[in-house]
$ cat my_file.cif   # mmCIF, C-alpha atoms
data_start
#
loop_
_atom_site.label_atom_id
_atom_site.label_comp_id
_atom_site.auth_asym_id
_atom_site.auth_seq_id
_atom_site.Cartn_x
_atom_site.Cartn_y
_atom_site.Cartn_z
CA MET X 1 206.60 -5.90 -192.52
CA LEU X 2 204.14 -5.59 -195.39
CA ARG X 3 201.49 -7.59 -193.57
CA TYR X 4 201.40 -4.91 -190.90
CA LEU X 5 201.65 -1.97 -193.28
CA ILE X 6 198.67 -2.95 -195.43
CA PRO X 7 196.13 -3.07 -192.57
CA LEU X 8 197.61 0.16 -191.23
CA GLY X 9 197.20 1.77 -194.64
CA ILE X 10 193.58 0.60 -194.92
CA PHE X 11 192.95 1.87 -191.41
CA LEU X 12 194.37 5.31 -192.24
CA VAL X 13 192.26 5.57 -195.39
CA LEU X 14 189.20 4.69 -193.31
CA VAL X 15 190.13 7.31 -190.71
CA VAL X 16 190.39 9.96 -193.42
CA PHE X 17 187.01 9.01 -194.92
CA LEU X 18 185.28 8.91 -191.55
CA GLY X 19 186.96 12.17 -190.54
CA VAL X 20 185.69 13.94 -193.66
CA GLY X 21 182.29 12.36 -193.10
CA LEU X 22 182.12 13.86 -189.64
CA GLN X 23 182.69 17.35 -191.04
CA LEU X 24 179.81 17.09 -193.50
CA ASP X 25 176.28 18.03 -192.57
CA PRO X 26 173.92 15.35 -193.92
CA ARG X 27 171.05 17.83 -193.78
CA GLU X 28 172.70 20.03 -196.34
CA VAL X 29 171.59 18.61 -199.63
CA PRO X 30 173.10 20.49 -202.58
CA SER X 31 170.32 22.39 -204.30
CA PRO X 32 169.83 21.90 -208.02
CA LEU X 33 168.45 25.46 -208.13
CA ILE X 34 171.82 27.19 -207.82
CA ASP X 35 172.55 29.23 -210.96
CA LYS X 36 169.03 28.60 -212.21
CA PRO X 37 166.31 31.25 -212.53
CA ALA X 38 164.46 31.71 -209.26
CA PRO X 39 161.03 30.07 -209.57
CA ALA X 40 158.44 32.75 -210.25
CA PHE X 41 155.80 33.38 -207.64
CA GLU X 42 153.13 35.90 -206.86
CA VAL X 43 151.35 35.67 -203.52
CA ALA X 44 149.64 37.97 -201.05
CA ARG X 45 151.75 40.19 -198.85
CA LEU X 46 151.83 39.37 -195.18
CA HIS X 47 151.13 42.88 -193.96
CA GLU X 48 148.75 43.94 -196.71
CA PRO X 49 146.78 40.89 -197.80
CA GLY X 50 145.11 42.93 -200.52
CA LYS X 51 148.42 43.61 -202.26
CA ARG X 52 150.56 41.03 -203.94
CA ILE X 53 154.29 40.48 -204.11
CA GLY X 54 156.10 38.49 -206.76
CA THR X 55 159.42 37.84 -208.45
CA ASP X 56 158.54 40.24 -211.30
CA GLN X 57 158.56 43.20 -208.92
CA LEU X 58 161.94 42.23 -207.53
CA ARG X 59 163.86 42.00 -210.76
CA GLY X 60 166.76 44.40 -211.26
CA GLN X 61 168.21 44.22 -207.77
CA VAL X 62 170.31 41.83 -205.74
CA TRP X 63 168.10 40.52 -202.93
CA LEU X 64 167.86 37.91 -200.25
CA LEU X 65 164.87 35.64 -199.87
CA ASN X 66 164.57 34.40 -196.31
CA VAL X 67 162.14 31.55 -195.69
CA TRP X 68 160.79 31.71 -192.16
CA ALA X 69 157.83 30.80 -189.98
CA SER X 70 156.64 31.65 -186.51
CA TRP X 71 156.56 27.93 -185.61
CA CYS X 72 160.21 27.55 -186.60
CA VAL X 73 162.45 27.45 -183.57
CA ALA X 74 165.71 27.89 -185.46
CA CYS X 75 164.33 31.07 -187.08
CA ARG X 76 164.41 32.66 -183.66
CA SER X 77 168.17 32.22 -183.38
CA GLU X 78 168.89 33.78 -186.77
CA HIS X 79 166.35 36.58 -186.47
CA PRO X 80 168.49 39.12 -184.53
CA HIS X 81 171.22 38.72 -187.17
CA LEU X 82 168.71 39.40 -189.94
CA VAL X 83 167.46 42.48 -188.12
CA ALA X 84 171.05 43.70 -187.78
CA LEU X 85 171.72 43.02 -191.45
CA ALA X 86 168.57 44.89 -192.48
CA ARG X 87 169.61 47.87 -190.38
CA GLN X 88 172.86 48.15 -192.35
CA GLY X 89 170.74 48.63 -195.47
CA LEU X 90 173.26 46.94 -197.76
CA VAL X 91 170.90 44.41 -199.29
CA PRO X 92 167.10 44.14 -199.19
CA ILE X 93 165.76 41.08 -197.40
CA TYR X 94 162.42 39.74 -198.55
CA GLY X 95 160.64 37.28 -196.30
CA LEU X 96 158.78 34.20 -197.38
CA ASN X 97 156.48 33.38 -194.54
CA TYR X 98 156.14 29.63 -195.00
CA LYS X 99 153.01 27.70 -193.98
CA ASP X 100 152.11 30.07 -191.23
CA GLU X 101 148.97 31.76 -189.94
CA ARG X 102 148.95 35.45 -190.72
CA ALA X 103 148.11 36.47 -187.14
CA ASP X 104 150.92 34.32 -185.68
CA ALA X 105 153.42 35.64 -188.19
CA LEU X 106 152.52 39.29 -187.59
CA ARG X 107 152.69 38.86 -183.83
CA TRP X 108 156.09 37.22 -184.20
CA LEU X 109 157.44 40.14 -186.24
CA GLN X 110 156.06 42.63 -183.75
CA GLN X 111 157.77 40.81 -180.93
CA PHE X 112 161.18 40.20 -182.49
CA GLY X 113 161.46 42.99 -185.05
CA ASP X 114 160.80 43.03 -188.78
CA PRO X 115 163.90 42.90 -191.02
CA TYR X 116 161.89 42.35 -194.19
CA THR X 117 161.30 44.91 -196.90
CA VAL X 118 158.19 42.90 -197.73
CA SER X 119 157.04 39.52 -196.49
CA ALA X 120 155.27 37.17 -198.88
CA HIS X 121 152.63 34.95 -197.35
CA ASP X 122 153.02 31.37 -198.54
CA LEU X 123 150.16 29.84 -196.59
CA ASP X 124 149.98 26.45 -198.34
CA GLY X 125 153.71 26.12 -198.93
CA ARG X 126 153.47 26.02 -202.74
CA VAL X 127 156.15 28.67 -203.21
CA GLY X 128 158.38 26.88 -200.71
CA LEU X 129 157.88 23.68 -202.67
CA ASP X 130 159.02 25.38 -205.88
CA TYR X 131 162.13 26.57 -204.08
CA GLY X 132 162.86 23.09 -202.76
CA VAL X 133 162.48 24.23 -199.17
CA TYR X 134 162.71 21.37 -196.71
CA GLY X 135 164.23 22.85 -193.57
CA VAL X 136 163.15 26.30 -192.45
CA PRO X 137 164.96 28.67 -192.19
CA GLU X 138 166.52 28.81 -195.62
CA THR X 139 168.01 31.82 -197.35
CA PHE X 140 168.44 32.39 -201.08
CA LEU X 141 170.66 35.00 -202.71
CA ILE X 142 169.16 36.16 -206.00
CA ASP X 143 170.89 38.44 -208.53
CA ARG X 144 169.63 41.23 -210.78
CA GLU X 145 168.61 38.85 -213.53
CA GLY X 146 166.59 36.79 -211.08
CA VAL X 147 169.06 33.90 -210.90
CA ILE X 148 169.63 32.07 -207.62
CA ARG X 149 173.31 32.43 -206.73
CA HIS X 150 173.49 30.90 -203.31
CA LYS X 151 171.35 28.96 -200.91
CA HIS X 152 171.90 28.62 -197.21
CA ILE X 153 170.04 25.92 -195.31
CA GLY X 154 169.57 26.47 -191.60
CA PRO X 155 169.90 29.57 -189.45
CA LEU X 156 172.27 32.35 -190.53
CA ASP X 157 174.89 33.57 -188.10
CA PRO X 158 177.23 36.57 -188.26
CA ASP X 159 180.06 34.40 -189.56
CA ILE X 160 178.02 33.15 -192.51
CA ILE X 161 176.56 36.58 -193.21
CA ASN X 162 179.91 38.40 -193.13
CA ASN X 163 182.12 35.78 -194.74
CA THR X 164 179.84 34.06 -197.24
CA ILE X 165 176.69 36.02 -198.00
CA MET X 166 177.93 39.63 -197.98
CA PRO X 167 181.04 39.09 -200.14
CA MET X 168 178.79 37.46 -202.75
CA VAL X 169 176.23 40.27 -202.46
CA GLN X 170 178.91 42.93 -202.99
CA GLN X 171 180.35 41.08 -205.94
CA LEU X 172 176.92 40.77 -207.55
CA GLN X 173 176.04 44.39 -206.87
CA GLN X 174 179.24 45.57 -208.53
CA GLY X 175 178.96 43.24 -211.50
CA MET C 1 171.03 -25.92 -193.05
CA LYS C 2 167.61 -25.93 -191.47
CA LYS C 3 168.56 -22.84 -189.54
CA LEU C 4 169.65 -21.10 -192.71
CA THR C 5 166.36 -21.91 -194.42
CA ALA C 6 164.46 -20.56 -191.45
CA ILE C 7 166.44 -17.33 -191.50
CA LEU C 8 165.93 -16.90 -195.23
CA LEU C 9 162.21 -17.54 -194.88
CA GLY C 10 162.04 -14.96 -192.11
CA LEU C 11 163.78 -12.39 -194.27
CA CYS C 12 161.39 -13.06 -197.13
CA LEU C 13 158.46 -12.46 -194.83
CA LEU C 14 159.93 -9.21 -193.58
CA SER C 15 160.77 -7.77 -196.98
CA GLY C 16 157.58 -9.01 -198.58
CA ALA C 17 155.26 -6.93 -196.43
CA PRO C 18 153.95 -4.27 -198.79
CA VAL C 19 154.38 -0.74 -197.56
CA ARG C 20 151.19 1.23 -197.80
CA ALA C 21 151.37 4.99 -197.74
CA ALA C 22 149.28 6.87 -195.27
CA GLY C 23 146.05 7.15 -197.14
CA ASP C 24 145.29 10.71 -196.07
CA LEU C 25 145.21 12.30 -199.51
CA ALA C 26 145.51 9.35 -201.81
CA ASP C 27 141.96 9.23 -203.06
CA PHE C 28 141.74 8.41 -206.72
CA GLY C 29 138.04 7.67 -206.78
CA GLY C 30 138.57 3.94 -207.31
CA ASP C 31 141.07 4.30 -210.15
CA THR C 32 143.36 1.36 -209.32
CA VAL C 33 145.92 2.15 -212.03
CA LEU C 34 146.54 5.64 -210.65
CA GLU C 35 146.49 4.22 -207.14
CA GLU C 36 149.17 1.71 -208.10
CA ARG C 37 151.37 4.37 -209.74
CA TYR C 38 150.92 6.59 -206.70
CA GLN C 39 152.07 3.83 -204.36
CA THR C 40 155.13 3.15 -206.51
CA LEU C 41 156.08 6.81 -206.75
CA VAL C 42 155.71 7.67 -203.09
CA THR C 43 157.86 4.70 -202.08
CA GLU C 44 160.62 5.84 -204.46
CA LEU C 45 160.82 9.43 -203.30
CA ARG C 46 162.84 10.42 -200.29
CA CYS C 47 161.53 12.68 -197.58
CA LEU C 48 164.21 15.33 -197.13
CA VAL C 49 163.30 16.09 -193.55
CA CYS C 50 163.67 12.55 -192.22
CA GLN C 51 166.19 11.41 -194.73
CA ASN C 52 165.95 7.68 -194.28
CA GLN C 53 162.25 7.53 -194.96
CA THR C 54 160.30 7.62 -198.15
CA ILE C 55 157.54 10.17 -198.44
CA ALA C 56 155.16 7.23 -198.05
CA ASP C 57 156.59 6.36 -194.63
CA SER C 58 157.11 9.83 -193.28
CA ASN C 59 154.64 11.88 -191.33
CA ALA C 60 156.64 15.08 -191.74
CA ASP C 61 154.76 18.06 -193.10
CA LEU C 62 156.97 18.17 -196.16
CA ALA C 63 156.21 14.52 -196.93
CA LYS C 64 152.49 15.26 -196.75
CA ASP C 65 152.95 18.18 -199.14
CA LEU C 66 154.93 16.05 -201.54
CA ARG C 67 152.34 13.27 -201.41
CA ARG C 68 149.65 15.83 -202.14
CA GLU C 69 151.74 17.12 -205.03
CA VAL C 70 152.24 13.61 -206.46
CA HIS C 71 148.53 12.94 -206.11
CA ASP C 72 147.57 16.18 -207.84
CA MET C 73 150.00 15.64 -210.67
CA LEU C 74 148.77 12.08 -211.24
CA VAL C 75 145.18 13.24 -211.35
CA GLY C 76 146.32 16.05 -213.65
CA GLY C 77 147.55 13.44 -216.10
CA LYS C 78 151.31 13.80 -215.63
CA THR C 79 153.52 10.82 -216.43
CA ASP C 80 155.74 9.17 -213.80
CA ASP C 81 158.83 10.63 -215.47
CA GLU C 82 157.38 14.12 -215.43
CA ILE C 83 156.63 13.80 -211.72
CA LYS C 84 160.16 12.60 -210.98
CA GLU C 85 161.53 15.43 -213.10
CA PHE C 86 159.47 17.89 -211.04
CA MET C 87 160.99 16.55 -207.82
CA LEU C 88 164.52 16.41 -209.27
CA ALA C 89 164.36 20.05 -210.36
CA ARG C 90 163.59 21.10 -206.79
CA TYR C 91 165.46 18.73 -204.54
CA GLY C 92 168.17 17.14 -206.71
CA ASP C 93 169.16 13.49 -207.15
CA PHE C 94 168.94 12.94 -203.43
CA VAL C 95 165.15 12.89 -203.58
CA LEU C 96 165.21 9.64 -205.54
CA TYR C 97 165.90 6.43 -203.69
CA ARG C 98 167.27 5.08 -206.96
CA PRO C 99 169.35 7.96 -208.30
CA PRO C 100 170.03 8.10 -212.05
CA VAL C 101 173.37 6.71 -213.23
CA LYS C 102 175.69 9.57 -214.16
CA THR C 103 179.27 10.58 -213.45
CA THR C 104 178.60 11.85 -209.94
CA THR C 105 176.57 8.80 -208.93
CA VAL C 106 178.73 6.11 -210.54
CA PRO C 107 180.66 5.36 -207.29
CA LEU C 108 177.30 4.88 -205.63
CA TRP C 109 176.22 2.30 -208.18
CA ILE C 110 179.44 0.35 -208.77
CA GLY C 111 181.12 0.94 -205.38
CA PRO C 112 179.54 -2.10 -203.68
CA PHE C 113 180.53 -4.37 -206.57
CA VAL C 114 184.11 -3.05 -206.50
CA LEU C 115 184.27 -3.74 -202.77
CA LEU C 116 182.83 -7.24 -203.31
CA ALA C 117 185.47 -7.91 -205.99
CA ILE C 118 188.26 -6.73 -203.67
CA GLY C 119 186.91 -9.01 -200.94
CA LEU C 120 186.79 -11.99 -203.28
CA VAL C 121 190.38 -11.38 -204.43
CA VAL C 122 191.58 -11.15 -200.81
CA VAL C 123 189.80 -14.39 -199.90
CA ALA C 124 191.19 -16.15 -202.97
CA VAL C 125 194.74 -15.05 -202.17
CA MET C 126 194.39 -16.18 -198.56
CA VAL C 127 192.98 -19.58 -199.50
CA HIS C 128 195.74 -20.05 -202.05
CA ARG C 129 198.44 -19.24 -199.48
CA ARG C 130 196.95 -21.55 -196.86
CA SER C 131 196.74 -24.49 -199.24
CA ARG C 132 200.40 -24.04 -200.14
CA GLN C 133 201.42 -23.91 -196.50
CA ALA C 134 199.48 -27.10 -195.73
CA GLN C 135 201.80 -29.16 -197.91
CA PRO C 136 205.27 -29.13 -196.34
CA GLN C 137 207.99 -28.82 -198.92
CA MET C 138 210.14 -31.95 -199.10
CA ASN C 139 213.12 -32.45 -201.27
CA SER C 140 214.38 -35.86 -202.38
CA GLU C 141 216.91 -35.96 -199.57
CA ASP C 142 214.14 -35.63 -196.97
CA VAL C 143 212.12 -38.34 -198.66
CA GLU C 144 215.14 -40.61 -198.72
CA ARG C 145 215.78 -40.02 -195.03
CA ALA C 146 212.18 -40.69 -194.09
CA ARG C 147 212.22 -43.95 -196.03
CA ARG C 148 215.41 -45.05 -194.26
CA LEU C 149 213.92 -44.30 -190.85
CA LEU C 150 210.75 -46.21 -191.69
CA ASP C 151 212.74 -49.15 -192.98
CA GLU C 152 214.80 -49.19 -189.81
CA ALA C 153 211.69 -49.18 -187.70
CA ASP C 154 210.28 -52.07 -189.71
CA ARG C 155 213.42 -54.09 -189.26
CA GLU C 156 213.47 -53.47 -185.53
CA GLN C 157 209.93 -54.73 -185.27
CA GLN C 158 210.70 -57.86 -187.25
CA SER C 159 213.77 -58.76 -185.22
#
$ encode --input "my_file.cif" --output "structure tokens"
Amino acid sequence: MLRYLIPLGIFLVLVVFLGVGLQLDPREVPSPLIDKPAPAFEVARLHEPGKRIGTDQLRGQVWLLNVWASWCVACRSEHPHLVALARQGLVPIYGLNYKDERADALRWLQQFGDPYTVSAHDLDGRVGLDYGVYGVPETFLIDREGVIRHKHIGPLDPDIINNTIMPMVQQLQQG
Amino acid sequence: MKKLTAILLGLCLLSGAPVRAAGDLADFGGDTVLEERYQTLVTELRCLVCQNQTIADSNADLAKDLRREVHDMLVGGKTDDEIKEFMLARYGDFVLYRPPVKTTTVPLWIGPFVLLAIGLVVVAVMVHRRSRQAQPQMNSEDVERARRLLDEADREQQS
């Protein structure tokens, strides 16, 4: 009896491990930046190249930093949800236009709508590098003290916005 | 045996081929020490876009950026540890092909040895069982009976 039970047991353990493995997304690497101060940056604005935008100006509010680019296909799928979120006016969304030509980026926003309070223009990707960006789009939730509270890799969808991001935003805004 | 030697030789050849990073930005103006450190670093850092490649192997944009960053930091006089620290702070342990040993990575480091030990124990138990089965158990009665039968056979042949 035992000689059949042992292989069966090993098999079941394997099934459980493989099953859990299937649920995980290998592209989602846990970020070491969670609960750390958001890396400081100051770059030109996308719309007004003469003006600058940086983390210092954003302190004191709960805000979202959305990393996007006009060449990023997945950004297109999340964009309508960002526009809808911006329309609700519950939390300001700041854009980090990552390694993109200004003209392309502006055209893209004109075409699909602009959910961003301000877009920062990270032409050479240095800011993205400091934020550990490796798969656009990525979204960071940053609190009043300028600490990164959450990071979402990949496109946002209504489920993630309503069930993960917004509850955290509300909690941080109240706290 | 010859076959085995041939296979081993083949493997040595395969693994021995030095991997050279795409030389696009790796210009150290003839400084071979920096060049050497650069090559070592870029083959130890993982490209997070194509996760099974080092930043030396990958042509992804991010890998190019990271190579540029490593290059700039080396030229800027940073130590290897400082450069790794820079990468760790941004991308976590995953960026290193040889992650540091700590509580969360211990299974990664000792797991294979634990599995090897389990395998060895299983093999040992199996071999032990087989060797016991190979020798049929005989008690003195059986031995006595066998001797009688053999003796009888001998006598029959003689008569």
$ atom_distance --input "my_file.cif" --atom1 "CA of Ile165 in chain X" --atom2 "CA of His81 in chain X"
12.4 Å
$ residues_around --input "my_file.cif" --residues "Asp25 in chain X" --least-positions-apart "4" --cutoff "12 Å" --atoms "all atoms listed in the file" --output "list in words"
Val20, Gly21, Val29, Pro30, Ile153 and Gly154 of chain X
$ closest_residue --input "my_file.cif" --among "X:Gly54, X:Arg149, X:His79, X:Tyr134" --to "chain C" --atoms "all atoms listed in the file"
X:Tyr134
$ residues_around --input "my_file.cif" --residues "Ala63 in chain C" --least-positions-apart "2" --cutoff "12 Å" --atoms "all atoms listed in the file" --output "MDAnalysis selection string"
(chainID X and resid 129 133:134) or (chainID C and resid 21:22 24:25 42:43 45:51 53:61 65:70 95)
$ resolve_selection --input "my_file.cif" --expression "the PyMOL selection byres ((chain X and resi 141) around 8)" --output "list in words"
Val62, Trp63, Leu64, Leu65, Thr139, Phe140, Ile142, Asp143, Ile148, Arg149, His150, Lys151, Ile165 and Val169 of chain X
$ interface_residues --input "my_file.cif" --of "chain X" --to "chain C" --cutoff "7 Å" --atoms "all atoms listed in the file" --output "number ranges by chain"
X: 31-33, 130-132, 134-135
$ atom_distance --input "my_file.cif" --atom1 "CA of Gly113 in chain X" --atom2 "CA of Cys75 in chain X"
12.4 Å
$ resolve_selection --input "my_file.cif" --expression "the PyMOL selection byres ((chain X and resi 90) around 12)" --output "list of chain:residue names"
X:Gln61, X:Val62, X:Trp63, X:Leu64, X:Leu82, X:Ala84, X:Leu85, X:Ala86, X:Arg87, X:Gln88, X:Gly89, X:Val91, X:Pro92, X:Ile93, X:Ile161, X:Asn162, X:Ile165, X:Met166, X:Pro167, X:Val169, X:Gln170, X:Gln173
$ residues_around --input "my_file.cif" --residues "Asp124 in chain X" --least-positions-apart "5" --cutoff "9 Å" --atoms "all atoms listed in the file" --output "PyMOL selection string"
(chain X and resi 98-100) or (chain C and resi 65)
$ write_last_selection --input "my_file.cif" --atoms "C-alpha atoms" --output "PDB file, in the frame of the given file"
ATOM      1  CA  TYR X  98     156.140  29.630-195.000  1.00  0.00           C
ATOM      2  CA  LYS X  99     153.010  27.700-193.980  1.00  0.00           C
ATOM      3  CA  ASP X 100     152.110  30.070-191.230  1.00  0.00           C
TER       4      ASP X 100
ATOM      5  CA  ASP C  65     152.950  18.180-199.140  1.00  0.00           C
TER       6      ASP C  65
END
$ atom_distance --input "my_file.cif" --atom1 "CA of Glu152 in chain C" --atom2 "CA of Gln133 in chain C"
29.4 Å
$ residues_around --input "my_file.cif" --residues "Ala103 in chain X" --least-positions-apart "5" --cutoff "10 Å" --atoms "only C-alpha atoms" --output "PyMOL selection string"
chain X and resi 46-47+70+108
$ write_last_selection --input "my_file.cif" --atoms "C-alpha atoms" --output "tab-separated table (two decimals), in the frame of the given file"
chain	number	residue	atom	x	y	z
X	46	LEU	CA	151.83	39.37	-195.18
X	47	HIS	CA	151.13	42.88	-193.96
X	70	SER	CA	156.64	31.65	-186.51
X	108	TRP	CA	156.09	37.22	-184.20
$ closest_residue --input "my_file.cif" --among "C:Arg37, C:Pro100, C:Leu120, C:Leu115" --to "Asp80 in chain C" --atoms "all atoms listed in the file"
C:Arg37
